[in-house]
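Student: Here you go, work-v3.cif (mmCIF, C-alpha atoms):
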```cif
data_start
#
loop_
_atom_site.label_atom_id
_atom_site.label_comp_id
_atom_site.auth_asym_id
_atom_site.auth_seq_id
_atom_site.Cartn_x
_atom_site.Cartn_y
_atom_site.Cartn_z
CA MET A 7 -34.07 0.86 -150.21
CA SER A 8 -37.00 3.17 -150.56
CA GLN A 9 -36.92 5.89 -153.15
CA LEU A 10 -36.00 9.32 -151.84
CA THR A 11 -38.49 12.07 -152.56
CA ASN A 12 -38.33 15.78 -151.92
CA ASP A 13 -40.68 15.27 -148.97
CA SER A 14 -38.61 12.56 -147.35
CA VAL A 15 -35.42 14.59 -147.79
CA LEU A 16 -37.10 17.62 -146.26
CA ASN A 17 -38.45 15.59 -143.34
CA ARG A 18 -35.06 14.17 -142.56
CA LEU A 19 -33.46 17.62 -142.74
CA GLN A 20 -36.12 19.08 -140.46
CA GLU A 21 -35.63 16.27 -137.93
CA GLN A 22 -31.95 17.04 -137.82
CA PHE A 23 -31.89 20.83 -138.06
CA GLY A 24 -35.41 21.89 -137.06
CA PRO A 25 -35.47 25.65 -136.46
CA ALA A 26 -32.30 26.29 -138.49
CA ILE A 27 -34.39 25.78 -141.62
CA ILE A 28 -36.13 29.08 -142.15
CA SER A 29 -38.26 28.14 -145.15
CA HIS A 30 -38.48 25.73 -148.02
CA GLU A 31 -39.93 25.64 -151.52
CA VAL A 32 -39.87 23.38 -154.57
CA PRO A 33 -39.44 25.54 -157.70
CA TYR A 34 -39.33 23.41 -160.86
CA GLY A 35 -39.16 20.29 -158.68
CA LEU A 36 -35.85 21.29 -157.07
CA LEU A 37 -36.10 21.13 -153.30
CA THR A 38 -34.77 24.39 -151.90
CA VAL A 39 -34.24 25.09 -148.22
CA GLU A 40 -33.28 28.39 -146.74
CA VAL A 41 -31.02 27.89 -143.77
CA GLN A 42 -29.50 30.21 -141.20
CA SER A 43 -26.15 31.28 -142.60
CA GLU A 44 -24.22 30.06 -139.56
CA LYS A 45 -25.77 26.58 -139.94
CA ALA A 46 -25.08 26.11 -143.65
CA HIS A 47 -21.64 24.64 -143.05
CA ASP A 48 -22.97 22.10 -140.51
CA MET A 49 -25.80 21.07 -142.80
CA ILE A 50 -23.51 20.45 -145.76
CA ALA A 51 -21.11 18.48 -143.55
CA TRP A 52 -23.95 16.40 -142.14
CA LEU A 53 -25.44 15.73 -145.58
CA LYS A 54 -22.12 14.40 -146.80
CA GLU A 55 -21.86 11.90 -143.95
CA ASP A 56 -25.51 10.93 -143.65
CA ASP A 57 -26.08 7.27 -144.57
CA VAL A 58 -29.65 7.73 -145.72
CA LEU A 59 -29.33 10.80 -147.98
CA LYS A 60 -25.72 10.25 -149.11
CA MET A 61 -25.57 13.77 -150.52
CA SER A 62 -21.85 13.82 -151.03
CA PHE A 63 -21.40 15.74 -154.25
CA LEU A 64 -21.12 19.52 -154.42
CA THR A 65 -22.45 20.67 -157.80
CA LEU A 66 -21.89 24.37 -157.42
CA ILE A 67 -21.62 27.40 -155.21
CA GLY A 68 -22.94 30.71 -156.37
CA ALA A 69 -24.49 33.88 -155.06
CA VAL A 70 -27.33 36.26 -155.88
CA HIS A 71 -27.61 39.90 -154.96
CA TYR A 72 -31.07 41.11 -153.87
CA PRO A 73 -30.56 44.82 -153.22
CA ASP A 74 -34.15 45.28 -151.99
CA GLN A 75 -33.95 42.79 -149.13
CA LYS A 76 -32.47 44.94 -146.41
CA GLY A 77 -30.20 43.06 -144.03
CA ARG A 78 -30.18 39.94 -146.22
CA GLU A 79 -28.95 41.23 -149.54
CA LEU A 80 -26.57 38.46 -150.53
CA CYS A 81 -27.80 34.90 -151.00
CA VAL A 82 -25.21 32.14 -151.12
CA ASN A 83 -26.45 29.08 -153.02
CA TYR A 84 -25.15 25.56 -152.63
CA HIS A 85 -26.30 22.81 -154.94
CA ILE A 86 -25.77 19.37 -153.41
CA HIS A 87 -26.33 16.14 -155.29
CA SER A 88 -26.79 12.60 -154.10
CA LEU A 89 -25.12 10.45 -156.73
CA VAL A 90 -26.55 7.29 -155.12
CA HIS A 91 -30.17 8.41 -155.19
CA ASN A 92 -29.94 10.95 -158.00
CA VAL A 93 -31.62 13.57 -155.85
CA ARG A 94 -30.65 17.21 -155.77
CA LEU A 95 -30.94 19.80 -153.04
CA ARG A 96 -30.42 23.54 -153.08
CA ILE A 97 -29.36 25.26 -149.89
CA ARG A 98 -29.69 29.02 -149.66
CA ALA A 99 -28.15 31.16 -146.95
CA PHE A 100 -28.66 34.92 -146.75
CA VAL A 101 -26.05 37.28 -145.39
CA PRO A 102 -26.15 41.06 -144.99
CA ILE A 103 -24.08 42.98 -147.51
CA ALA A 104 -22.49 45.04 -144.75
CA GLU A 105 -21.09 41.90 -143.17
CA PRO A 106 -21.10 39.18 -145.82
CA ASN A 107 -19.50 36.48 -143.70
CA ILE A 108 -20.20 32.78 -144.03
CA ALA A 109 -18.11 29.77 -143.05
CA THR A 110 -16.06 28.20 -145.80
CA ILE A 111 -16.84 24.63 -146.80
CA THR A 112 -13.37 23.93 -148.18
CA ASP A 113 -12.82 21.72 -145.11
CA ILE A 114 -15.69 19.51 -146.36
CA TYR A 115 -15.22 19.74 -150.14
CA ILE A 116 -11.76 20.75 -151.32
CA GLY A 117 -13.38 21.46 -154.71
CA ALA A 118 -15.19 24.39 -153.14
CA ASP A 119 -11.92 26.33 -153.08
CA TRP A 120 -12.12 27.95 -156.52
CA GLN A 121 -15.91 28.24 -156.44
CA GLU A 122 -15.74 30.24 -153.23
CA ARG A 123 -12.99 32.38 -154.71
CA GLU A 124 -15.20 33.04 -157.73
CA THR A 125 -18.15 33.94 -155.50
CA TYR A 126 -15.89 36.26 -153.54
CA ASP A 127 -14.53 37.75 -156.75
CA PHE A 128 -17.93 38.68 -158.16
CA PHE A 129 -20.08 39.26 -155.05
CA GLY A 130 -17.64 39.93 -152.23
CA VAL A 131 -18.94 37.12 -150.04
CA ASN A 132 -16.36 36.61 -147.29
CA PHE A 133 -15.87 32.87 -146.76
CA VAL A 134 -14.43 32.76 -143.26
CA GLY A 135 -11.63 30.21 -142.99
CA HIS A 136 -10.92 29.93 -146.72
CA PRO A 137 -7.18 29.23 -147.24
CA ASN A 138 -6.69 31.74 -150.05
CA LEU A 139 -9.63 34.04 -150.60
CA THR A 140 -8.35 36.17 -153.49
CA ARG A 141 -9.73 37.14 -156.88
CA ILE A 142 -9.66 34.34 -159.43
CA LEU A 143 -11.19 35.55 -162.71
CA ASN A 144 -11.03 39.33 -162.65
CA GLU A 145 -7.81 41.31 -162.65
CA ASP A 146 -6.15 41.49 -159.26
CA ASP A 147 -6.35 45.25 -158.89
CA MET A 148 -10.10 45.47 -159.49
CA ASP A 149 -11.55 47.49 -156.62
CA TYR A 150 -15.20 46.41 -156.60
CA PHE A 151 -17.40 43.33 -156.89
CA PRO A 152 -18.84 43.58 -160.39
CA MET A 153 -21.91 41.34 -160.10
CA ARG A 154 -23.46 43.44 -157.35
CA LYS A 155 -26.43 45.21 -158.84
CA GLU A 156 -25.29 48.76 -158.17
CA TYR A 157 -22.53 48.42 -160.75
CA HIS A 158 -23.18 48.78 -164.44
CA LEU A 159 -22.47 45.90 -166.74
CA GLU A 160 -20.97 48.17 -169.38
CA ASP A 161 -17.40 49.30 -169.43
CA ALA A 162 -17.20 52.65 -167.69
CA THR A 163 -14.40 54.01 -169.85
CA ARG A 164 -16.27 54.08 -173.16
CA GLU A 165 -16.75 57.63 -174.37
CA ASP A 166 -18.32 56.92 -177.75
CA LYS A 167 -21.53 55.48 -176.35
CA ASP A 168 -23.84 58.42 -175.82
CA ASP A 169 -27.08 57.42 -174.11
CA ARG A 170 -29.09 59.58 -176.53
CA TYR A 171 -28.21 57.26 -179.40
CA PHE A 172 -29.23 54.13 -177.53
CA GLY A 173 -32.66 55.19 -176.27
CA ARG A 174 -31.52 55.32 -172.67
CA MET B 18 17.19 48.63 -230.17
CA GLY B 19 13.49 48.65 -230.95
CA LYS B 20 12.80 46.28 -228.07
CA VAL B 21 10.33 47.58 -225.51
CA GLU B 22 12.02 47.12 -222.20
CA LYS B 23 10.11 46.83 -218.99
CA LYS B 24 11.09 49.31 -216.37
CA PRO B 25 13.79 47.53 -214.40
CA ARG B 26 12.63 46.52 -210.95
CA ILE B 27 13.57 44.49 -207.94
CA GLU B 28 10.23 43.56 -206.39
CA ASP B 29 8.45 46.92 -206.48
CA VAL B 30 11.64 48.95 -206.28
CA GLU B 31 12.66 50.89 -209.36
CA THR B 32 16.27 50.43 -210.30
CA ILE B 33 18.76 51.94 -212.71
CA ASN B 34 20.42 49.23 -214.69
CA GLY B 35 23.67 49.53 -216.64
CA GLU B 36 26.55 47.46 -217.86
CA GLY B 37 27.41 45.29 -214.88
CA PHE B 38 25.61 47.29 -212.22
CA GLN B 39 22.17 47.87 -210.84
CA LEU B 40 21.34 50.84 -208.66
CA ALA B 41 18.49 51.31 -206.23
CA THR B 42 17.94 53.32 -203.11
CA LEU B 43 18.91 51.30 -200.08
CA ASP B 44 15.90 52.16 -197.95
CA LYS B 45 13.52 50.98 -200.70
CA VAL B 46 15.40 47.70 -201.05
CA ILE B 47 15.44 47.13 -197.31
CA ALA B 48 11.75 47.99 -197.08
CA ALA B 49 10.95 45.53 -199.88
CA ALA B 50 13.00 42.86 -198.14
CA ARG B 51 11.19 43.48 -194.87
CA ALA B 52 7.78 43.49 -196.50
CA ASN B 53 8.41 40.15 -198.13
CA SER B 54 9.57 38.41 -194.99
CA VAL B 55 7.29 39.64 -192.25
CA TRP B 56 7.29 37.14 -189.43
CA PRO B 57 3.93 37.19 -187.68
CA LEU B 58 3.28 36.48 -184.03
CA PRO B 59 -0.32 35.27 -183.74
CA PHE B 60 -1.92 36.35 -180.48
CA ALA B 61 -5.15 34.47 -181.06
CA THR B 62 -7.70 34.18 -178.28
CA SER B 63 -11.05 33.28 -179.85
CA CYS B 64 -13.05 32.82 -183.05
CA CYS B 65 -10.94 35.36 -184.97
CA GLY B 66 -8.05 33.06 -184.15
CA ILE B 67 -9.85 30.23 -185.96
CA GLU B 68 -10.24 32.44 -189.03
CA TYR B 69 -6.60 33.31 -188.73
CA MET B 70 -5.71 29.62 -188.66
CA ALA B 71 -7.68 29.19 -191.88
CA THR B 72 -5.71 32.12 -193.31
CA MET B 73 -2.48 30.39 -192.43
CA GLY B 74 -3.63 27.09 -193.89
CA SER B 75 -3.16 25.86 -197.42
CA ASN B 76 -6.42 27.24 -198.86
CA TYR B 77 -5.57 30.87 -198.22
CA ASP B 78 -1.85 30.32 -197.75
CA LEU B 79 -0.10 33.15 -195.98
CA ALA B 80 3.19 31.58 -197.03
CA ARG B 81 2.75 33.30 -200.40
CA PHE B 82 3.71 36.54 -198.70
CA GLY B 83 6.93 35.27 -197.20
CA MET B 84 5.08 34.64 -193.96
CA GLU B 85 5.78 30.94 -193.78
CA ARG B 86 7.09 30.99 -190.28
CA MET B 87 4.81 31.79 -187.39
CA SER B 88 6.96 33.21 -184.67
CA PHE B 89 5.63 32.16 -181.32
CA SER B 90 8.44 34.01 -179.64
CA PRO B 91 8.03 37.79 -179.64
CA ARG B 92 11.79 38.28 -179.91
CA GLN B 93 11.95 37.20 -183.55
CA ALA B 94 8.59 38.56 -184.65
CA ASP B 95 7.88 41.61 -186.81
CA LEU B 96 4.11 41.65 -186.84
CA LEU B 97 1.85 41.15 -183.84
CA ILE B 98 -1.51 39.81 -185.00
CA VAL B 99 -4.06 40.20 -182.23
CA ALA B 100 -7.08 38.08 -183.14
CA GLY B 101 -9.81 37.90 -180.55
CA THR B 102 -11.23 39.27 -177.33
CA ILE B 103 -8.67 40.64 -174.90
CA SER B 104 -9.89 40.73 -171.33
CA LYS B 105 -8.60 43.38 -168.99
CA LYS B 106 -6.71 40.72 -167.10
CA LEU B 107 -4.91 39.76 -170.31
CA ALA B 108 -4.05 43.36 -171.27
CA PRO B 109 -0.75 43.59 -169.31
CA ILE B 110 0.39 40.32 -170.92
CA LEU B 111 -0.37 41.65 -174.40
CA LYS B 112 1.56 44.79 -173.58
CA GLN B 113 4.49 42.76 -172.34
CA VAL B 114 4.52 40.70 -175.53
CA TYR B 115 4.53 43.91 -177.57
CA GLU B 116 7.38 45.33 -175.51
CA GLN B 117 9.40 42.17 -176.03
CA MET B 118 9.25 42.46 -179.81
CA ALA B 119 12.25 44.08 -181.42
CA GLU B 120 11.98 47.11 -183.70
CA PRO B 121 10.80 47.38 -186.38
CA LYS B 122 7.42 46.03 -185.37
CA TRP B 123 3.84 46.38 -186.55
CA VAL B 124 0.49 45.49 -185.05
CA LEU B 125 -2.57 44.11 -186.85
CA SER B 126 -5.82 44.16 -184.91
CA VAL B 127 -8.09 41.42 -186.29
CA GLY B 128 -11.82 41.60 -185.68
CA ALA B 129 -14.28 43.72 -183.78
CA CYS B 130 -13.20 42.58 -180.30
CA ALA B 131 -9.54 43.38 -180.69
CA SER B 132 -10.38 46.67 -182.40
CA SER B 133 -13.12 47.96 -180.10
CA GLY B 134 -14.24 45.35 -177.60
CA GLY B 135 -16.90 44.25 -180.09
CA ILE B 136 -20.12 42.98 -178.59
CA PHE B 137 -18.42 42.64 -175.22
CA ASP B 138 -19.10 46.10 -173.84
CA THR B 139 -18.58 44.88 -170.31
CA TYR B 140 -16.49 45.55 -167.23
CA SER B 141 -14.09 42.67 -167.83
CA VAL B 142 -13.17 43.20 -171.49
CA LEU B 143 -10.60 45.62 -172.87
CA GLN B 144 -12.43 48.03 -175.20
CA GLY B 145 -9.92 47.73 -178.03
CA ILE B 146 -6.25 46.84 -177.85
CA ASP B 147 -5.35 50.41 -178.82
CA ARG B 148 -5.98 51.16 -175.16
CA VAL B 149 -2.67 49.47 -174.35
CA ILE B 150 -0.58 49.22 -177.53
CA PRO B 151 -0.44 51.24 -180.78
CA VAL B 152 -2.15 49.58 -183.74
CA ASP B 153 -1.14 49.96 -187.40
CA VAL B 154 -4.05 48.32 -189.22
CA TYR B 155 -7.53 47.35 -188.06
CA VAL B 156 -9.49 44.55 -189.71
CA PRO B 157 -13.27 44.82 -189.19
CA GLY B 158 -15.58 41.83 -188.99
CA CYS B 159 -16.98 39.45 -186.43
CA PRO B 160 -15.07 37.38 -187.25
CA PRO B 161 -13.50 38.68 -190.50
CA ARG B 162 -13.15 36.22 -193.33
CA PRO B 163 -9.64 35.10 -194.29
CA GLU B 164 -9.80 37.37 -197.33
CA GLN B 165 -10.25 40.35 -195.04
CA ILE B 166 -7.37 39.28 -192.83
CA ILE B 167 -5.20 38.93 -195.94
CA GLU B 168 -6.20 42.43 -197.00
CA GLY B 169 -5.18 43.70 -193.58
CA ILE B 170 -1.85 41.96 -193.93
CA MET B 171 -1.38 43.42 -197.41
CA ASN B 172 -2.03 46.86 -195.93
CA ILE B 173 0.68 46.15 -193.37
CA HIS B 174 2.96 45.24 -196.27
CA ARG B 175 2.12 48.55 -197.93
CA LEU B 176 3.06 50.36 -194.73
CA VAL B 177 6.30 48.43 -194.45
CA LYS B 178 7.23 49.18 -198.05
CA HIS B 179 6.49 52.87 -197.97
CA GLU B 180 7.33 54.09 -194.53
CA SER B 181 10.69 55.67 -193.87
CA LEU B 182 13.29 53.37 -192.38
CA ARG B 183 13.82 56.04 -189.79
CA ARG B 184 10.17 56.31 -188.84
CA ARG B 185 11.02 54.70 -185.55
CA TYR B 186 13.24 57.65 -184.70
CA SER B 187 10.71 60.27 -185.68
CA ASP B 188 9.21 62.56 -183.09
CA GLU B 189 5.72 61.35 -183.93
CA TYR B 190 6.65 57.75 -183.25
CA LYS B 191 8.35 58.64 -179.99
CA HIS B 192 5.35 60.69 -179.01
CA LEU B 193 3.10 57.73 -179.80
CA LEU B 194 5.15 55.37 -177.68
CA ASN B 195 5.29 57.87 -174.84
CA LYS B 196 1.52 58.12 -174.98
CA TYR B 197 1.36 54.41 -174.28
CA HIS B 198 4.15 54.60 -171.70
CA LEU B 199 6.15 52.24 -173.88
CA ASN B 200 9.30 54.30 -174.29
CA GLU B 201 10.44 54.48 -170.74
CA ASP B 202 14.03 53.39 -171.30
CA GLU B 203 14.59 56.39 -173.58
CA PRO B 204 14.88 59.80 -171.95
CA THR B 205 11.98 62.04 -172.84
CA ASP B 206 12.83 65.51 -174.08
CA LYS B 207 11.08 68.15 -172.15
#
```
How does this structure look as C-alpha cells?

Tutor:
Amino acid sequence: MSQLTNDSVLNRLQEQFGPAIISHEVPYGLLTVEVQSEKAHDMIAWLKEDDVLKMSFLTLIGAVHYPDQKGRELCVNYHIHSLVHNVRLRIRAFVPIAEPNIATITDIYIGADWQERETYDFFGVNFVGHPNLTRILNEDDMDYFPMRKEYHLEDATREDKDDRYFGR
Amino acid sequence: MGKVEKKPRIEDVETINGEGFQLATLDKVIAAARANSVWPLPFATSCCGIEYMATMGSNYDLARFGMERMSFSPRQADLLIVAGTISKKLAPILKQVYEQMAEPKWVLSVGACASSGGIFDTYSVLQGIDRVIPVDVYVPGCPPRPEQIIEGIMNIHRLVKHESLRRRYSDEYKHLLNKYHLNEDEPTDK
C-alpha cells in the first residue's frame, strides 16, 4: 500500500468531484479543499466509503463568520481523518448568511448531531435534515447567534464598565 | 465573696443567673443556636469550589463552627454557598435552589465570578449572582483562600447572631424579595 500524500488525496478527490471543488490550499500541511456547499454532504459520504482513502472519522465540525465576504459569509468546516493512513483533510463550505442552509451529515456520522447543534447554536447555520436542531450550550431563550461578528463578546447588561476607563 | 466572677454567658449571649435559674432573651438564644449550627449547601461550580472543599477538609475544618453536615438538599439547608462561575443557563437552577430553601436562609457568594462575573465578562456568564438572588456576604478573591472563605462564613455567623428573628417579616426584606420576584406566593401590599 503506497503512502497517501496531500497530492494523492487531492488528485483522487478531483477525479471524483471535479468542478465541485472550488479551490484548495495546504496551510500548515493540512490539505484544505473548498467545496460547493450542496456537495459537501456527498463528499463526506464518499470519503467514508472510499476504499483507498478510508477517511471514516469525523474529527470536528465548526464554523467561521467572515462578515466581509458578501454572499458567502459563513464557512462550515469539517475535519475528516483517515485512521488507517493517518491523513487529515479539511473541507470548507461557504453559505450566505441570509440563507445559511447546508445538508446535515448526521445520516453519515451520528456523532455529528451535537456538533451541528453547537454550530447552529453559535453561528445559526441551518443543517437541513438534522433531527433536532436546537440550542445545546446557550440558554434556550437566547435570541441571537453570539459568535457572529456583529455581536459584542461582553455582557450587554453591565453598567459599571464605562468605555472611558478602558481606553475604548 | 471577693471572687471575680466572669459575666455569665451562654455562647455570646449575656444571661442573668440566680439561685436555680438562668435568664436570657429568647431571640438571642435562638440566634446563637442558629449561628452555631448553620447547615451549608455548597453550590460549587469551579475553582472556588476546590478552595471550598479545602475549607471543609480537616486542615481548615469547617466542622469547628457546627457546620459538620453539608446539606446537598436545599430543603434542610440554611446557608447557600455559591462558589464559582454561574452561566446564564445555570441561573434559573440557582434561583430554584434558593427558592427551595426554607427560611431562615442566607447566601454567601464566594469568589469574583459568583460576586461579579469575574474575568468572564461575556454573553454567556451571569454577571454576579445578585442578579438573580439576594446575597448576604461577598467573599472577594480569584479564587479566595480558605481563610477568606472562613472569614465570610464568620461574617454570616455575625449576621445570624445579631439580626432580628423577625427580619424575615420586615418590610425591607419583603421589598428585597419582591425585587427579585421571589415572594410571589405572598400578596404584595399596594

Student: Name the residues captured by the PyMOL selection byres ((chain B) within 12 of (chain A)) when it is applied to the shown file; answer as a list in words.

Tutor: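 Taken over the shown coordinates, the PyMOL selection byres ((chain B) within 12 of (chain A)) returns Ser104, Lys105, Lys106, Leu107, Ala108, Pro109, Ile110, Ser133, Gly134, Gly135, Ile136, Phe137, Asp138, Thr139, Tyr140, Ser141, Val142, Leu143, Gln144, Gly145 and Arg148 of chain B.
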
Student: Expand the PyMOL selection byres ((chain B and resi 56) around 7) into the individual residues it matches in the shown file, reporting them as a ChimeraX atom specification.

Tutor: /B:54-55,57-58,84,86-88,94-96

Student: Check which residues satisfy the PyMOL selection byres ((chain A and resi 108-123) around 9) in the file shown, then give them as a PyMOL selection string.

Tutor: chain A and resi 43-47+50-51+54+62-64+66-68+82+99+101+106-107+124-128+131-143

Student: From the list A:Leu80, A:Val70, A:Ile97, A:Ile86, which residue is nearest His30 of chain A when using all atoms listed in the file?

Tutor: A:Ile97

Student: At a cut-off of 10 Å, can you tabulate as CSV every residue of segment 55-145 of chain B near segment 178-188 of chain B together with its closest atom pair and the distance in Å to one decimal, using all atoms listed in the file and ordering rows by chain then number?

Tutor:
```
residue,atom,partner,partner_atom,distance
B:Glu120,CA,B:Arg185,CA,7.9
B:Pro121,CA,B:Arg185,CA,7.4
B:Lys122,CA,B:Arg185,CA,9.4
```

Student: Could you name the residues that touch Leu176 of chain B at 10 Å or less, counting all atoms listed in the file, but leaving out those on the same chain fewer than 3 positions away, as a ChimeraX atom specification?

Tutor: /B:48,52,123,153-154,170-173,179-181

Student: Could you give me, as JSON lines, every segment 55-160 of chain B residue with an atom at most 12 Å from segment 196-199 of chain B, plus its closest atom pair and distance in Å to one decimal, counting only C-alpha atoms, rows ordered by chain then number?

Tutor:
```
{"residue": "B:Pro109", "atom": "CA", "partner": "B:Leu199", "partner_atom": "CA", "distance": 12.0}
{"residue": "B:Lys112", "atom": "CA", "partner": "B:Leu199", "partner_atom": "CA", "distance": 8.8}
{"residue": "B:Gln113", "atom": "CA", "partner": "B:Leu199", "partner_atom": "CA", "distance": 9.7}
{"residue": "B:Val114", "atom": "CA", "partner": "B:Leu199", "partner_atom": "CA", "distance": 11.8}
{"residue": "B:Tyr115", "atom": "CA", "partner": "B:Leu199", "partner_atom": "CA", "distance": 9.3}
{"residue": "B:Glu116", "atom": "CA", "partner": "B:Leu199", "partner_atom": "CA", "distance": 7.2}
{"residue": "B:Gln117", "atom": "CA", "partner": "B:Leu199", "partner_atom": "CA", "distance": 10.8}
{"residue": "B:Met118", "atom": "CA", "partner": "B:Leu199", "partner_atom": "CA", "distance": 11.9}
{"residue": "B:Ile146", "atom": "CA", "partner": "B:Tyr197", "partner_atom": "CA", "distance": 11.3}
{"residue": "B:Asp147", "atom": "CA", "partner": "B:Tyr197", "partner_atom": "CA", "distance": 9.0}
{"residue": "B:Arg148", "atom": "CA", "partner": "B:Tyr197", "partner_atom": "CA", "distance": 8.1}
{"residue": "B:Val149", "atom": "CA", "partner": "B:Tyr197", "partner_atom": "CA", "distance": 6.4}
{"residue": "B:Ile150", "atom": "CA", "partner": "B:Tyr197", "partner_atom": "CA", "distance": 6.4}
{"residue": "B:Pro151", "atom": "CA", "partner": "B:Tyr197", "partner_atom": "CA", "distance": 7.5}
{"residue": "B:Val152", "atom": "CA", "partner": "B:Tyr197", "partner_atom": "CA", "distance": 11.2}
```

Student: Name the residues, using the chain letters and numbers of the file, that sit within 10 Å of (-31.0, 42.7, -153.2) when counting only C-alpha atoms, and give them as JSON, numbers by chain.

Tutor: {"A": [70, 71, 72, 73, 74, 75, 76, 77, 78, 79, 80, 81, 102, 103, 154, 155, 156]}

Student: Enter the distance from atom CA of Pro161 of chain B to atom CA of Met73 of chain B, in Å, rounded to one decimal.

Tutor: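 We find that atom CA of Pro161 of chain B and atom CA of Met73 of chain B lie 13.9 Å from each other.
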
Student: Quick one: pull the distance between atom CA of Asp44 of chain B and atom CA of Asp78 of chain B, Å, one decimal.

Tutor: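 Going from atom CA of Asp44 of chain B over to atom CA of Asp78 of chain B covers 28.1 Å.
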
Student: Set the distance at 12 Å and use only C-alpha atoms: which residues neighbour Ser88 of chain A once local chain neighbours fewer than 2 positions away are removed? I'd like the list as a compact mmCIF listing (two decimals) with C-alpha atoms, keeping the file's coordinate frame.

Tutor:
```txt
# COMPACT_ATOMS: atom_id res chain seq x y z
CA LEU A 10 -36.00 9.32 -151.84
CA THR A 11 -38.49 12.07 -152.56
CA VAL A 15 -35.42 14.59 -147.79
CA ILE A 50 -23.51 20.45 -145.76
CA LEU A 53 -25.44 15.73 -145.58
CA LYS A 54 -22.12 14.40 -146.80
CA GLU A 55 -21.86 11.90 -143.95
CA ASP A 56 -25.51 10.93 -143.65
CA ASP A 57 -26.08 7.27 -144.57
CA VAL A 58 -29.65 7.73 -145.72
CA LEU A 59 -29.33 10.80 -147.98
CA LYS A 60 -25.72 10.25 -149.11
CA MET A 61 -25.57 13.77 -150.52
CA SER A 62 -21.85 13.82 -151.03
CA PHE A 63 -21.40 15.74 -154.25
CA LEU A 64 -21.12 19.52 -154.42
CA THR A 65 -22.45 20.67 -157.80
CA HIS A 85 -26.30 22.81 -154.94
CA ILE A 86 -25.77 19.37 -153.41
CA VAL A 90 -26.55 7.29 -155.12
CA HIS A 91 -30.17 8.41 -155.19
CA ASN A 92 -29.94 10.95 -158.00
CA VAL A 93 -31.62 13.57 -155.85
CA ARG A 94 -30.65 17.21 -155.77
CA LEU A 95 -30.94 19.80 -153.04
CA ARG A 96 -30.42 23.54 -153.08
```

Student: Taking 3 positions as the minimum chain separation for residues in the same chain, which residues sit within 12 Å of Leu43 of chain B when counting only C-alpha atoms? Answer as a short mmCIF file (atom, residue, chain, number, x, y, z; two decimals) with C-alpha atoms, keeping the file's coordinate frame.

Tutor:
```cif
data_model
loop_
_atom_site.label_atom_id
_atom_site.label_comp_id
_atom_site.auth_asym_id
_atom_site.auth_seq_id
_atom_site.Cartn_x
_atom_site.Cartn_y
_atom_site.Cartn_z
CA ILE B 27 13.57 44.49 -207.94
CA VAL B 30 11.64 48.95 -206.28
CA GLU B 31 12.66 50.89 -209.36
CA THR B 32 16.27 50.43 -210.30
CA GLN B 39 22.17 47.87 -210.84
CA LEU B 40 21.34 50.84 -208.66
CA VAL B 46 15.40 47.70 -201.05
CA ILE B 47 15.44 47.13 -197.31
CA ALA B 48 11.75 47.99 -197.08
CA ALA B 49 10.95 45.53 -199.88
CA ALA B 50 13.00 42.86 -198.14
CA SER B 181 10.69 55.67 -193.87
CA LEU B 182 13.29 53.37 -192.38
#
```

Student: I'd like the interatomic distance between atom CA of Gly66 of chain B and atom CA of Ala80 of chain B, to a tenth of an Å.

Tutor: 17.2 Å

Student: Please work out which residues fall within 10 Å of (-6.5, 32.8, -178.0), coordinates as given in the file, with only C-alpha atoms counting, and return them as an mmCIF file with C-alpha atoms, in the frame of the given file.

Tutor:
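Written file, selection_25.cif:
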```cif
data_model
loop_
_atom_site.group_PDB
_atom_site.id
_atom_site.type_symbol
_atom_site.label_atom_id
_atom_site.label_comp_id
_atom_site.auth_asym_id
_atom_site.auth_seq_id
_atom_site.Cartn_x
_atom_site.Cartn_y
_atom_site.Cartn_z
ATOM 1 C CA PRO B 59 -0.320 35.270 -183.740
ATOM 2 C CA PHE B 60 -1.920 36.350 -180.480
ATOM 3 C CA ALA B 61 -5.150 34.470 -181.060
ATOM 4 C CA THR B 62 -7.700 34.180 -178.280
ATOM 5 C CA SER B 63 -11.050 33.280 -179.850
ATOM 6 C CA CYS B 64 -13.050 32.820 -183.050
ATOM 7 C CA CYS B 65 -10.940 35.360 -184.970
ATOM 8 C CA GLY B 66 -8.050 33.060 -184.150
ATOM 9 C CA ILE B 67 -9.850 30.230 -185.960
ATOM 10 C CA VAL B 99 -4.060 40.200 -182.230
ATOM 11 C CA ALA B 100 -7.080 38.080 -183.140
ATOM 12 C CA GLY B 101 -9.810 37.900 -180.550
ATOM 13 C CA THR B 102 -11.230 39.270 -177.330
ATOM 14 C CA ILE B 103 -8.670 40.640 -174.900
#
```
